[in-house]
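Peer 1: Below is a structure I'd like to ask you about.
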Amino acid sequence: MLLRIVGALSVAILIVVVVALYALRPEPLVSLGLVFPILTSVFITSTSLVVAYVAVKAYSREGLHSVLFLGCGALVFGCAGLIAAMFLGSEGQNFSATVLAMGAELSAVLHLVCASLTYRGDDPKEGGGHRPVLWVSLASLSVVLVVAAAAGGALPTFYAAGVGTTILDQVVLGAAALTFAGSAAVVFVVSSRSAVLQWYSLALGATALGLVGIAFSNGDMSALSMRAGWATLYLGGVLLAASVLSAERLSRVPSGRSTSPA
């Protein structure tokens, strides 16, 4: 019952956000630069931090590596997404595009590892130790390195003023979207084992769809695909949090051996 309520609420939130972003014109969007950061911090970053915390806690308790990679993937996307959102529609558009694309790809790879372990049936191992700290530190460091490289101009151009996003940006976002979609498909295959996995699959699918919308926007803040893309990313964040929190509530995690009731 709780999952159905969360699902209905998530769809309602998506519709409201899409309508709100579509109603705003480019000028207010640029002048009100806090719109995207606020929405991103609420629907992506905050939920990602919760997911990371619950995942580390679950790993320490049950020793499932799949949730450890899930938490790291959520952490990378949550941090990269917020940093990118802070510079949308500004002179730092190239920095924003670079951080978002690279962060999305890194996160997608981590989620793919989680999905693969889930499909195989992740065997519980002894939890605890320094492994969660190590992986969370590496995930955080990867975001720092991407931000530093983007700010220092060490990476190729992802957005050119007056032209829009480059082919490189579209390729990287496309690769990230395909990876998220592949992860969603892998998890969906075993989703009959747990309602938690069904929500996790939907979260990955929504994230993939959101990245496709952003890729097709050409970096244009007034494009409906840009606004709808970010709104769909927000939906993905809500669904991911619902998946992990429901698993925690049932004292289970999204692993291939889970048998959580719907």
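By convention here, the chains of the structure tokens are called A, B, ... in the order presented, each chain's residues are numbered starting at 1, and ligands are numbered starting at 1 in the order presented.
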Give me the stretch 52-145 of chain A side of the contact with stretch 185-189 of chain A, cut-off 8 Å, one line per residue showing its nearest atom pair and distance in Å at one decimal, counting only C-alpha atoms, sorted by chain and residue number, as CSV.

Peer 2:
```
residue,atom,partner,partner_atom,distance
A:Ala115,CA,A:Val187,CA,5.7
A:Ser116,CA,A:Val186,CA,7.1
A:Thr118,CA,A:Val187,CA,7.0
A:Tyr119,CA,A:Val187,CA,6.5
```

Peer 1: Hey, which bits of stretch 33-146 of chain A sit within 9 Å of stretch 197-211 of chain A, and for each residue what's the closest pair of atoms and how far apart in Å (one decimal), counting only C-alpha atoms, rows by chain and increasing number, as JSON lines?

Peer 2:
```
{"residue": "A:Ala101", "atom": "CA", "partner": "A:Leu211", "partner_atom": "CA", "distance": 8.7}
{"residue": "A:Ala104", "atom": "CA", "partner": "A:Leu211", "partner_atom": "CA", "distance": 8.3}
{"residue": "A:Ala108", "atom": "CA", "partner": "A:Leu204", "partner_atom": "CA", "distance": 8.9}
{"residue": "A:His111", "atom": "CA", "partner": "A:Leu204", "partner_atom": "CA", "distance": 8.4}
```

Peer 1: Using the selection just defined, write its residues with all heavy atoms as a PDB file, in the first residue's frame.

Peer 2:
```pdb
ATOM      1  N   ALA A 101      27.420  15.278 -17.412  1.00  0.00           N
ATOM      2  CA  ALA A 101      27.655  14.139 -18.302  1.00  0.00           C
ATOM      3  C   ALA A 101      28.629  13.137 -17.688  1.00  0.00           C
ATOM      4  O   ALA A 101      28.368  11.920 -17.670  1.00  0.00           O
ATOM      5  CB  ALA A 101      28.176  14.631 -19.648  1.00  0.00           C
ATOM      6  N   ALA A 104      27.087  11.504 -14.555  1.00  0.00           N
ATOM      7  CA  ALA A 104      26.048  10.538 -14.931  1.00  0.00           C
ATOM      8  C   ALA A 104      26.667   9.238 -15.416  1.00  0.00           C
ATOM      9  O   ALA A 104      26.182   8.145 -15.088  1.00  0.00           O
ATOM     10  CB  ALA A 104      25.143  11.134 -16.005  1.00  0.00           C
ATOM     11  N   ALA A 108      26.263   5.697 -13.669  1.00  0.00           N
ATOM     12  CA  ALA A 108      25.645   4.625 -14.441  1.00  0.00           C
ATOM     13  C   ALA A 108      26.460   3.341 -14.367  1.00  0.00           C
ATOM     14  O   ALA A 108      25.912   2.240 -14.263  1.00  0.00           O
ATOM     15  CB  ALA A 108      25.481   5.062 -15.894  1.00  0.00           C
ATOM     16  N   HIS A 111      25.888   1.735 -10.982  1.00  0.00           N
ATOM     17  CA  HIS A 111      24.565   1.100 -10.933  1.00  0.00           C
ATOM     18  C   HIS A 111      24.547  -0.177 -11.776  1.00  0.00           C
ATOM     19  O   HIS A 111      23.843  -1.143 -11.430  1.00  0.00           O
ATOM     20  CB  HIS A 111      23.489   2.064 -11.424  1.00  0.00           C
ATOM     21  CG  HIS A 111      23.034   3.039 -10.383  1.00  0.00           C
ATOM     22  ND1 HIS A 111      22.292   2.664  -9.292  1.00  0.00           N
ATOM     23  CD2 HIS A 111      23.241   4.383 -10.259  1.00  0.00           C
ATOM     24  CE1 HIS A 111      22.030   3.721  -8.542  1.00  0.00           C
ATOM     25  NE2 HIS A 111      22.603   4.776  -9.106  1.00  0.00           N
TER      26      HIS A 111
END
```

Peer 1: For stretch 44-158 of chain A versus stretch 216-228 of chain A, which residues have an atom no more than 10 Å away, and what is each residue's nearest atom pair and distance in Å rounded to one decimal, using only C-alpha atoms, chain-then-number order, as JSON lines?

Peer 2:
```
{"residue": "A:Leu88", "atom": "CA", "partner": "A:Met221", "partner_atom": "CA", "distance": 7.7}
{"residue": "A:Gly89", "atom": "CA", "partner": "A:Met221", "partner_atom": "CA", "distance": 6.3}
{"residue": "A:Gln93", "atom": "CA", "partner": "A:Gly219", "partner_atom": "CA", "distance": 8.1}
{"residue": "A:Asn94", "atom": "CA", "partner": "A:Gly219", "partner_atom": "CA", "distance": 9.3}
{"residue": "A:Ser96", "atom": "CA", "partner": "A:Gly219", "partner_atom": "CA", "distance": 9.9}
{"residue": "A:Ala97", "atom": "CA", "partner": "A:Gly219", "partner_atom": "CA", "distance": 7.9}
{"residue": "A:Phe158", "atom": "CA", "partner": "A:Gly219", "partner_atom": "CA", "distance": 9.7}
```

Peer 1: Could those residues be written to a file, using C-alpha atoms, as a PDB file, in the first residue's frame?

Peer 2:
```
ATOM      1  CA  LEU A  88      22.633  25.895 -15.594  1.00  0.00           C
ATOM      2  CA  GLY A  89      21.794  28.872 -17.789  1.00  0.00           C
ATOM      3  CA  GLN A  93      27.215  26.210 -18.898  1.00  0.00           C
ATOM      4  CA  ASN A  94      30.184  24.212 -20.225  1.00  0.00           C
ATOM      5  CA  SER A  96      27.677  22.346 -15.870  1.00  0.00           C
ATOM      6  CA  ALA A  97      27.372  20.143 -18.955  1.00  0.00           C
ATOM      7  CA  PHE A 158      30.954  19.783 -23.714  1.00  0.00           C
TER       8      PHE A 158
END
```

Peer 1: Nearest to A:Ser48: which of A:Cys72, A:Met86, A:Val144, A:Val67 is it, counting only C-alpha atoms?

Peer 2: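 Among the listed residues, A:Cys72 lies closest to A:Ser48.
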
Peer 1: Kindly give the distance, in Å, that separates atom CA of A:Leu68 and atom CA of A:Ser183, rounded to a single decimal.

Peer 2: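 So the two atoms, atom CA of A:Leu68 and atom CA of A:Ser183, lie 15.5 Å apart.
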
Peer 1: Mind checking DSSP for stretch 59-193 of chain A and telling me the helix (DSSP H, G or I) residues as a compact mmCIF listing (two decimals) with N, CA, C and O atoms, in the first residue's frame?

Peer 2:
```txt
# COMPACT_ATOMS: atom_id res chain seq x y z
N TYR A 59 24.89 -2.66 4.00
CA TYR A 59 26.08 -3.46 3.74
C TYR A 59 26.75 -3.87 5.05
O TYR A 59 27.19 -5.02 5.20
N SER A 60 26.82 -2.96 5.98
CA SER A 60 27.44 -3.27 7.26
C SER A 60 26.67 -4.36 8.00
O SER A 60 27.25 -5.16 8.75
N ARG A 61 25.36 -4.41 7.74
CA ARG A 61 24.53 -5.39 8.42
C ARG A 61 24.51 -6.74 7.70
O ARG A 61 24.56 -7.79 8.34
N GLU A 62 24.45 -6.72 6.36
CA GLU A 62 24.25 -7.95 5.61
C GLU A 62 25.38 -8.30 4.65
O GLU A 62 25.42 -9.41 4.12
N HIS A 65 27.40 -6.68 -1.52
CA HIS A 65 28.18 -5.70 -2.28
C HIS A 65 27.30 -4.90 -3.24
O HIS A 65 27.64 -3.77 -3.60
N SER A 66 26.20 -5.48 -3.68
CA SER A 66 25.34 -4.79 -4.64
C SER A 66 24.84 -3.46 -4.09
O SER A 66 24.84 -2.44 -4.79
N VAL A 67 24.43 -3.45 -2.81
CA VAL A 67 23.91 -2.21 -2.25
C VAL A 67 25.02 -1.19 -1.99
O VAL A 67 24.77 0.01 -1.97
N LEU A 68 26.22 -1.68 -1.82
CA LEU A 68 27.34 -0.76 -1.63
C LEU A 68 27.60 0.02 -2.92
O LEU A 68 27.80 1.24 -2.90
N PHE A 69 27.53 -0.67 -4.06
CA PHE A 69 27.67 0.01 -5.35
C PHE A 69 26.46 0.89 -5.65
O PHE A 69 26.59 1.96 -6.26
N LEU A 70 25.29 0.45 -5.21
CA LEU A 70 24.09 1.28 -5.38
C LEU A 70 24.27 2.61 -4.64
O LEU A 70 23.98 3.68 -5.19
N GLY A 71 24.73 2.53 -3.40
CA GLY A 71 24.92 3.74 -2.61
C GLY A 71 25.95 4.67 -3.22
O GLY A 71 25.75 5.89 -3.26
N CYS A 72 27.04 4.11 -3.71
CA CYS A 72 28.08 4.93 -4.34
C CYS A 72 27.57 5.58 -5.62
O CYS A 72 27.85 6.75 -5.90
N GLY A 73 26.81 4.81 -6.41
CA GLY A 73 26.24 5.37 -7.64
C GLY A 73 25.29 6.51 -7.35
O GLY A 73 25.30 7.54 -8.05
N ALA A 74 24.46 6.35 -6.33
CA ALA A 74 23.53 7.40 -5.95
C ALA A 74 24.27 8.63 -5.45
O ALA A 74 23.92 9.78 -5.79
N LEU A 75 25.33 8.41 -4.68
CA LEU A 75 26.11 9.52 -4.13
C LEU A 75 26.76 10.34 -5.25
O LEU A 75 26.72 11.58 -5.24
N VAL A 76 27.35 9.66 -6.22
CA VAL A 76 28.00 10.35 -7.34
C VAL A 76 27.00 11.18 -8.12
O VAL A 76 27.23 12.36 -8.42
N PHE A 77 25.85 10.59 -8.45
CA PHE A 77 24.86 11.31 -9.25
C PHE A 77 24.25 12.46 -8.47
O PHE A 77 23.99 13.53 -9.03
N GLY A 78 24.01 12.26 -7.19
CA GLY A 78 23.42 13.32 -6.38
C GLY A 78 24.32 14.53 -6.26
O GLY A 78 23.86 15.68 -6.39
N CYS A 79 25.60 14.30 -6.06
CA CYS A 79 26.56 15.42 -5.92
C CYS A 79 26.81 16.09 -7.26
O CYS A 79 26.78 17.32 -7.37
N ALA A 80 27.05 15.29 -8.30
CA ALA A 80 27.31 15.86 -9.63
C ALA A 80 26.10 16.61 -10.16
O ALA A 80 26.22 17.67 -10.77
N GLY A 81 24.90 16.06 -9.90
CA GLY A 81 23.69 16.72 -10.38
C GLY A 81 23.48 18.08 -9.75
O GLY A 81 23.10 19.04 -10.43
N LEU A 82 23.74 18.19 -8.44
CA LEU A 82 23.55 19.47 -7.76
C LEU A 82 24.56 20.51 -8.25
O LEU A 82 24.21 21.66 -8.51
N ILE A 83 25.82 20.09 -8.41
CA ILE A 83 26.84 21.01 -8.89
C ILE A 83 26.51 21.49 -10.30
O ILE A 83 26.64 22.68 -10.62
N ALA A 84 26.05 20.57 -11.15
CA ALA A 84 25.69 20.94 -12.51
C ALA A 84 24.49 21.89 -12.52
O ALA A 84 24.46 22.86 -13.28
N ALA A 85 23.51 21.64 -11.67
CA ALA A 85 22.30 22.46 -11.62
C ALA A 85 22.61 23.89 -11.20
O ALA A 85 21.93 24.84 -11.62
N MET A 86 23.63 24.07 -10.40
CA MET A 86 23.98 25.40 -9.90
C MET A 86 24.48 26.33 -11.01
O MET A 86 24.43 27.55 -10.88
N GLN A 93 27.99 27.27 -18.28
CA GLN A 93 27.21 26.21 -18.90
C GLN A 93 28.09 25.03 -19.32
O GLN A 93 27.68 23.87 -19.22
N ASN A 94 29.30 25.31 -19.82
CA ASN A 94 30.18 24.21 -20.23
C ASN A 94 30.60 23.39 -19.01
O ASN A 94 30.64 22.16 -19.06
N PHE A 95 30.91 24.08 -17.92
CA PHE A 95 31.25 23.39 -16.68
C PHE A 95 30.08 22.53 -16.22
O PHE A 95 30.26 21.37 -15.82
N SER A 96 28.87 23.08 -16.28
CA SER A 96 27.68 22.35 -15.87
C SER A 96 27.47 21.11 -16.72
O SER A 96 27.23 20.01 -16.20
N ALA A 97 27.58 21.27 -18.05
CA ALA A 97 27.37 20.14 -18.96
C ALA A 97 28.42 19.06 -18.74
O ALA A 97 28.11 17.85 -18.78
N THR A 98 29.66 19.48 -18.50
CA THR A 98 30.75 18.52 -18.29
C THR A 98 30.53 17.70 -17.03
O THR A 98 30.64 16.46 -17.03
N VAL A 99 30.23 18.38 -15.94
CA VAL A 99 30.04 17.69 -14.65
C VAL A 99 28.85 16.75 -14.71
O VAL A 99 28.91 15.61 -14.22
N LEU A 100 27.76 17.20 -15.33
CA LEU A 100 26.56 16.36 -15.40
C LEU A 100 26.83 15.11 -16.23
O LEU A 100 26.50 13.99 -15.81
N ALA A 101 27.42 15.28 -17.41
CA ALA A 101 27.65 14.14 -18.30
C ALA A 101 28.63 13.14 -17.69
O ALA A 101 28.37 11.92 -17.67
N MET A 102 29.74 13.63 -17.16
CA MET A 102 30.74 12.74 -16.58
C MET A 102 30.22 12.08 -15.30
O MET A 102 30.44 10.88 -15.06
N GLY A 103 29.53 12.86 -14.47
CA GLY A 103 28.96 12.31 -13.25
C GLY A 103 27.91 11.25 -13.55
O GLY A 103 27.84 10.21 -12.87
N ALA A 104 27.09 11.50 -14.56
CA ALA A 104 26.05 10.54 -14.93
C ALA A 104 26.67 9.24 -15.42
O ALA A 104 26.18 8.15 -15.09
N GLU A 105 27.74 9.34 -16.20
CA GLU A 105 28.39 8.13 -16.72
C GLU A 105 29.02 7.32 -15.59
O GLU A 105 28.89 6.09 -15.54
N LEU A 106 29.71 7.98 -14.67
CA LEU A 106 30.30 7.29 -13.53
C LEU A 106 29.23 6.60 -12.68
O LEU A 106 29.37 5.45 -12.27
N SER A 107 28.15 7.33 -12.43
CA SER A 107 27.06 6.77 -11.65
C SER A 107 26.43 5.58 -12.36
O SER A 107 26.11 4.56 -11.73
N ALA A 108 26.26 5.70 -13.67
CA ALA A 108 25.64 4.62 -14.44
C ALA A 108 26.46 3.34 -14.37
O ALA A 108 25.91 2.24 -14.26
N VAL A 109 27.77 3.47 -14.41
CA VAL A 109 28.65 2.30 -14.32
C VAL A 109 28.50 1.61 -12.96
O VAL A 109 28.41 0.38 -12.87
N LEU A 110 28.44 2.40 -11.90
CA LEU A 110 28.28 1.84 -10.56
C LEU A 110 26.93 1.14 -10.42
O LEU A 110 26.83 0.06 -9.81
N HIS A 111 25.89 1.74 -10.98
CA HIS A 111 24.57 1.10 -10.93
C HIS A 111 24.55 -0.18 -11.78
O HIS A 111 23.84 -1.14 -11.43
N LEU A 112 25.31 -0.20 -12.86
CA LEU A 112 25.37 -1.40 -13.69
C LEU A 112 26.03 -2.55 -12.92
O LEU A 112 25.59 -3.70 -13.03
N VAL A 113 27.06 -2.23 -12.14
CA VAL A 113 27.69 -3.25 -11.30
C VAL A 113 26.68 -3.78 -10.28
O VAL A 113 26.58 -4.99 -10.05
N CYS A 114 25.92 -2.87 -9.68
CA CYS A 114 24.88 -3.27 -8.73
C CYS A 114 23.86 -4.17 -9.39
O CYS A 114 23.48 -5.21 -8.84
N ALA A 115 23.42 -3.79 -10.58
CA ALA A 115 22.42 -4.58 -11.30
C ALA A 115 22.96 -5.97 -11.66
O ALA A 115 22.24 -6.97 -11.57
N SER A 116 24.23 -6.02 -12.05
CA SER A 116 24.84 -7.31 -12.42
C SER A 116 24.91 -8.24 -11.22
O SER A 116 24.61 -9.44 -11.32
N LEU A 117 25.34 -7.69 -10.08
CA LEU A 117 25.40 -8.50 -8.86
C LEU A 117 24.01 -8.95 -8.43
O LEU A 117 23.82 -10.06 -7.94
N THR A 118 23.04 -8.05 -8.61
CA THR A 118 21.65 -8.39 -8.27
C THR A 118 21.15 -9.53 -9.14
O THR A 118 20.49 -10.46 -8.65
N TYR A 119 21.46 -9.48 -10.41
CA TYR A 119 21.02 -10.53 -11.35
C TYR A 119 21.64 -11.88 -10.99
O TYR A 119 20.97 -12.92 -11.05
N ARG A 120 22.90 -11.85 -10.63
CA ARG A 120 23.60 -13.09 -10.28
C ARG A 120 23.16 -13.65 -8.94
O ARG A 120 23.32 -14.84 -8.68
N ARG A 131 35.60 -1.27 4.28
CA ARG A 131 35.24 -1.28 2.87
C ARG A 131 34.21 -0.21 2.52
O ARG A 131 34.37 0.48 1.51
N PRO A 132 33.13 -0.03 3.31
CA PRO A 132 32.17 1.04 2.96
C PRO A 132 32.82 2.42 2.94
O PRO A 132 32.56 3.21 2.04
N VAL A 133 33.69 2.68 3.92
CA VAL A 133 34.36 3.97 3.97
C VAL A 133 35.24 4.16 2.75
O VAL A 133 35.29 5.25 2.15
N LEU A 134 35.92 3.10 2.33
CA LEU A 134 36.80 3.18 1.17
C LEU A 134 36.03 3.49 -0.09
O LEU A 134 36.40 4.39 -0.86
N TRP A 135 34.93 2.76 -0.32
CA TRP A 135 34.17 2.96 -1.55
C TRP A 135 33.46 4.31 -1.58
O TRP A 135 33.39 4.96 -2.62
N VAL A 136 32.92 4.72 -0.46
CA VAL A 136 32.27 6.04 -0.40
C VAL A 136 33.31 7.14 -0.63
O VAL A 136 33.04 8.13 -1.33
N SER A 137 34.50 6.96 -0.09
CA SER A 137 35.57 7.94 -0.29
C SER A 137 35.98 8.00 -1.75
O SER A 137 36.19 9.09 -2.31
N LEU A 138 36.09 6.83 -2.39
CA LEU A 138 36.45 6.80 -3.81
C LEU A 138 35.36 7.44 -4.67
O LEU A 138 35.67 8.16 -5.63
N ALA A 139 34.10 7.20 -4.31
CA ALA A 139 32.99 7.81 -5.06
C ALA A 139 33.03 9.33 -4.92
O ALA A 139 32.86 10.06 -5.91
N SER A 140 33.25 9.80 -3.71
CA SER A 140 33.34 11.24 -3.48
C SER A 140 34.54 11.84 -4.20
O SER A 140 34.45 12.93 -4.79
N LEU A 141 35.66 11.13 -4.15
CA LEU A 141 36.87 11.61 -4.82
C LEU A 141 36.67 11.71 -6.32
O LEU A 141 37.18 12.63 -6.96
N SER A 142 35.93 10.77 -6.90
CA SER A 142 35.70 10.81 -8.34
C SER A 142 34.94 12.07 -8.75
O SER A 142 35.24 12.68 -9.79
N VAL A 143 33.98 12.48 -7.91
CA VAL A 143 33.24 13.72 -8.20
C VAL A 143 34.17 14.92 -8.08
O VAL A 143 34.14 15.83 -8.93
N VAL A 144 35.00 14.92 -7.06
CA VAL A 144 35.95 16.02 -6.87
C VAL A 144 36.89 16.13 -8.06
O VAL A 144 37.17 17.23 -8.56
N LEU A 145 37.38 15.00 -8.55
CA LEU A 145 38.30 15.01 -9.69
C LEU A 145 37.62 15.53 -10.95
O LEU A 145 38.22 16.28 -11.73
N VAL A 146 36.38 15.11 -11.17
CA VAL A 146 35.64 15.59 -12.34
C VAL A 146 35.42 17.10 -12.26
O VAL A 146 35.62 17.82 -13.25
N VAL A 147 35.03 17.57 -11.09
CA VAL A 147 34.80 19.01 -10.90
C VAL A 147 36.10 19.79 -11.11
O VAL A 147 36.11 20.83 -11.78
N ALA A 148 37.18 19.29 -10.54
CA ALA A 148 38.47 19.97 -10.67
C ALA A 148 38.93 20.00 -12.13
O ALA A 148 39.42 21.03 -12.62
N ALA A 149 38.77 18.88 -12.82
CA ALA A 149 39.19 18.81 -14.22
C ALA A 149 38.33 19.73 -15.09
O ALA A 149 38.84 20.40 -16.00
N ALA A 150 37.03 19.76 -14.82
CA ALA A 150 36.14 20.62 -15.60
C ALA A 150 36.43 22.10 -15.34
O ALA A 150 36.45 22.92 -16.26
N ALA A 151 36.65 22.44 -14.08
CA ALA A 151 36.94 23.84 -13.73
C ALA A 151 38.29 24.29 -14.27
O ALA A 151 38.46 25.46 -14.65
N ILE A 167 29.10 17.23 -29.75
CA ILE A 167 28.87 15.81 -30.00
C ILE A 167 29.36 14.97 -28.83
O ILE A 167 28.73 13.97 -28.45
N LEU A 168 30.47 15.39 -28.24
CA LEU A 168 31.02 14.66 -27.10
C LEU A 168 30.01 14.61 -25.96
O LEU A 168 29.81 13.54 -25.34
N ASP A 169 29.38 15.72 -25.66
CA ASP A 169 28.39 15.76 -24.59
C ASP A 169 27.23 14.82 -24.88
O ASP A 169 26.79 14.06 -24.01
N GLN A 170 26.76 14.85 -26.11
CA GLN A 170 25.64 13.99 -26.49
C GLN A 170 26.01 12.52 -26.44
O GLN A 170 25.21 11.67 -26.04
N VAL A 171 27.26 12.21 -26.83
CA VAL A 171 27.72 10.82 -26.79
C VAL A 171 27.83 10.32 -25.36
O VAL A 171 27.38 9.21 -25.03
N VAL A 172 28.42 11.13 -24.49
CA VAL A 172 28.60 10.72 -23.09
C VAL A 172 27.24 10.59 -22.39
O VAL A 172 26.99 9.61 -21.67
N LEU A 173 26.35 11.57 -22.61
CA LEU A 173 25.01 11.46 -22.02
C LEU A 173 24.26 10.26 -22.59
O LEU A 173 23.55 9.56 -21.85
N GLY A 174 24.41 10.03 -23.89
CA GLY A 174 23.77 8.88 -24.51
C GLY A 174 24.28 7.57 -23.95
O GLY A 174 23.51 6.64 -23.68
N ALA A 175 25.61 7.50 -23.73
CA ALA A 175 26.20 6.29 -23.16
C ALA A 175 25.70 6.07 -21.74
O ALA A 175 25.40 4.94 -21.33
N ALA A 176 25.60 7.16 -20.98
CA ALA A 176 25.09 7.06 -19.61
C ALA A 176 23.64 6.59 -19.60
O ALA A 176 23.24 5.74 -18.80
N ALA A 177 22.84 7.15 -20.52
CA ALA A 177 21.43 6.77 -20.61
C ALA A 177 21.30 5.29 -20.98
O ALA A 177 20.47 4.57 -20.40
N LEU A 178 22.11 4.83 -21.91
CA LEU A 178 22.06 3.42 -22.31
C LEU A 178 22.48 2.51 -21.16
O LEU A 178 21.90 1.44 -20.96
N THR A 179 23.47 2.95 -20.40
CA THR A 179 23.93 2.15 -19.27
C THR A 179 22.86 2.07 -18.19
O THR A 179 22.60 1.00 -17.62
N PHE A 180 22.22 3.20 -17.90
CA PHE A 180 21.13 3.19 -16.93
C PHE A 180 19.98 2.31 -17.43
O PHE A 180 19.39 1.54 -16.65
N ALA A 181 19.67 2.43 -18.71
CA ALA A 181 18.58 1.63 -19.29
C ALA A 181 18.93 0.14 -19.24
O ALA A 181 18.06 -0.70 -18.95
N GLY A 182 20.18 -0.19 -19.52
CA GLY A 182 20.61 -1.58 -19.44
C GLY A 182 20.49 -2.12 -18.03
O GLY A 182 20.05 -3.25 -17.81
N SER A 183 20.88 -1.29 -17.06
CA SER A 183 20.76 -1.69 -15.66
C SER A 183 19.30 -1.91 -15.29
O SER A 183 18.96 -2.87 -14.57
N ALA A 184 18.43 -1.01 -15.77
CA ALA A 184 17.00 -1.15 -15.50
C ALA A 184 16.46 -2.45 -16.06
O ALA A 184 15.67 -3.15 -15.41
N ALA A 185 16.91 -2.80 -17.27
CA ALA A 185 16.45 -4.04 -17.90
C ALA A 185 16.93 -5.26 -17.13
O ALA A 185 16.18 -6.23 -16.93
N VAL A 186 18.19 -5.23 -16.69
CA VAL A 186 18.74 -6.35 -15.93
C VAL A 186 17.99 -6.55 -14.62
O VAL A 186 17.63 -7.67 -14.25
N VAL A 187 17.72 -5.46 -13.92
CA VAL A 187 17.00 -5.55 -12.65
C VAL A 187 15.55 -5.98 -12.89
O VAL A 187 14.98 -6.75 -12.10
N PHE A 188 14.97 -5.50 -13.99
CA PHE A 188 13.58 -5.85 -14.28
C PHE A 188 13.41 -7.36 -14.50
O PHE A 188 12.38 -7.93 -14.15
N VAL A 189 14.44 -8.00 -15.07
CA VAL A 189 14.37 -9.44 -15.32
C VAL A 189 14.15 -10.22 -14.03
O VAL A 189 13.45 -11.23 -14.02
N SER A 191 12.95 -8.75 -11.21
CA SER A 191 12.10 -7.93 -10.34
C SER A 191 10.95 -8.70 -9.73
O SER A 191 10.36 -8.25 -8.74
N SER A 192 10.62 -9.89 -10.30
CA SER A 192 9.54 -10.68 -9.73
C SER A 192 9.90 -11.20 -8.35
O SER A 192 9.03 -11.60 -7.58
N ARG A 193 11.20 -11.17 -8.02
CA ARG A 193 11.64 -11.64 -6.71
C ARG A 193 11.29 -10.66 -5.59
O ARG A 193 11.25 -11.03 -4.42
```

Peer 1: In Å, rounded to a single decimal, give me how far atom CA of A:Pro37 is from atom CA of A:Phe87.

Peer 2: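 Spanning atom CA of A:Phe87 to atom CA of A:Pro37 is a straight-line distance of 8.6 Å.
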
Peer 1: Given only C-alpha atoms as the basis, pick out the residue of A:Leu34, A:Gly121, A:Pro156, A:Val51 nearest to A:Ala242.

Peer 2: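 Nearest to A:Ala242: A:Val51.
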
Peer 1: Mind checking DSSP for stretch 70-218 of chain A and telling me the strand (DSSP E) residues as a short mmCIF file (atom, residue, chain, number, x, y, z; two decimals) with N, CA and C atoms, in the first residue's frame?

Peer 2:
```
data_model
loop_
_atom_site.label_atom_id
_atom_site.label_comp_id
_atom_site.auth_asym_id
_atom_site.auth_seq_id
_atom_site.Cartn_x
_atom_site.Cartn_y
_atom_site.Cartn_z
N TYR A 159 30.09 22.03 -24.01
CA TYR A 159 29.10 23.03 -24.41
C TYR A 159 29.83 24.26 -24.94
N ALA A 160 29.42 24.71 -26.12
CA ALA A 160 30.03 25.89 -26.74
C ALA A 160 29.00 27.00 -26.82
N GLY A 164 25.79 25.43 -28.61
CA GLY A 164 25.06 24.43 -27.85
C GLY A 164 25.97 23.29 -27.43
N THR A 165 25.38 22.19 -27.05
CA THR A 165 26.16 21.04 -26.61
C THR A 165 26.93 20.44 -27.79
#
```
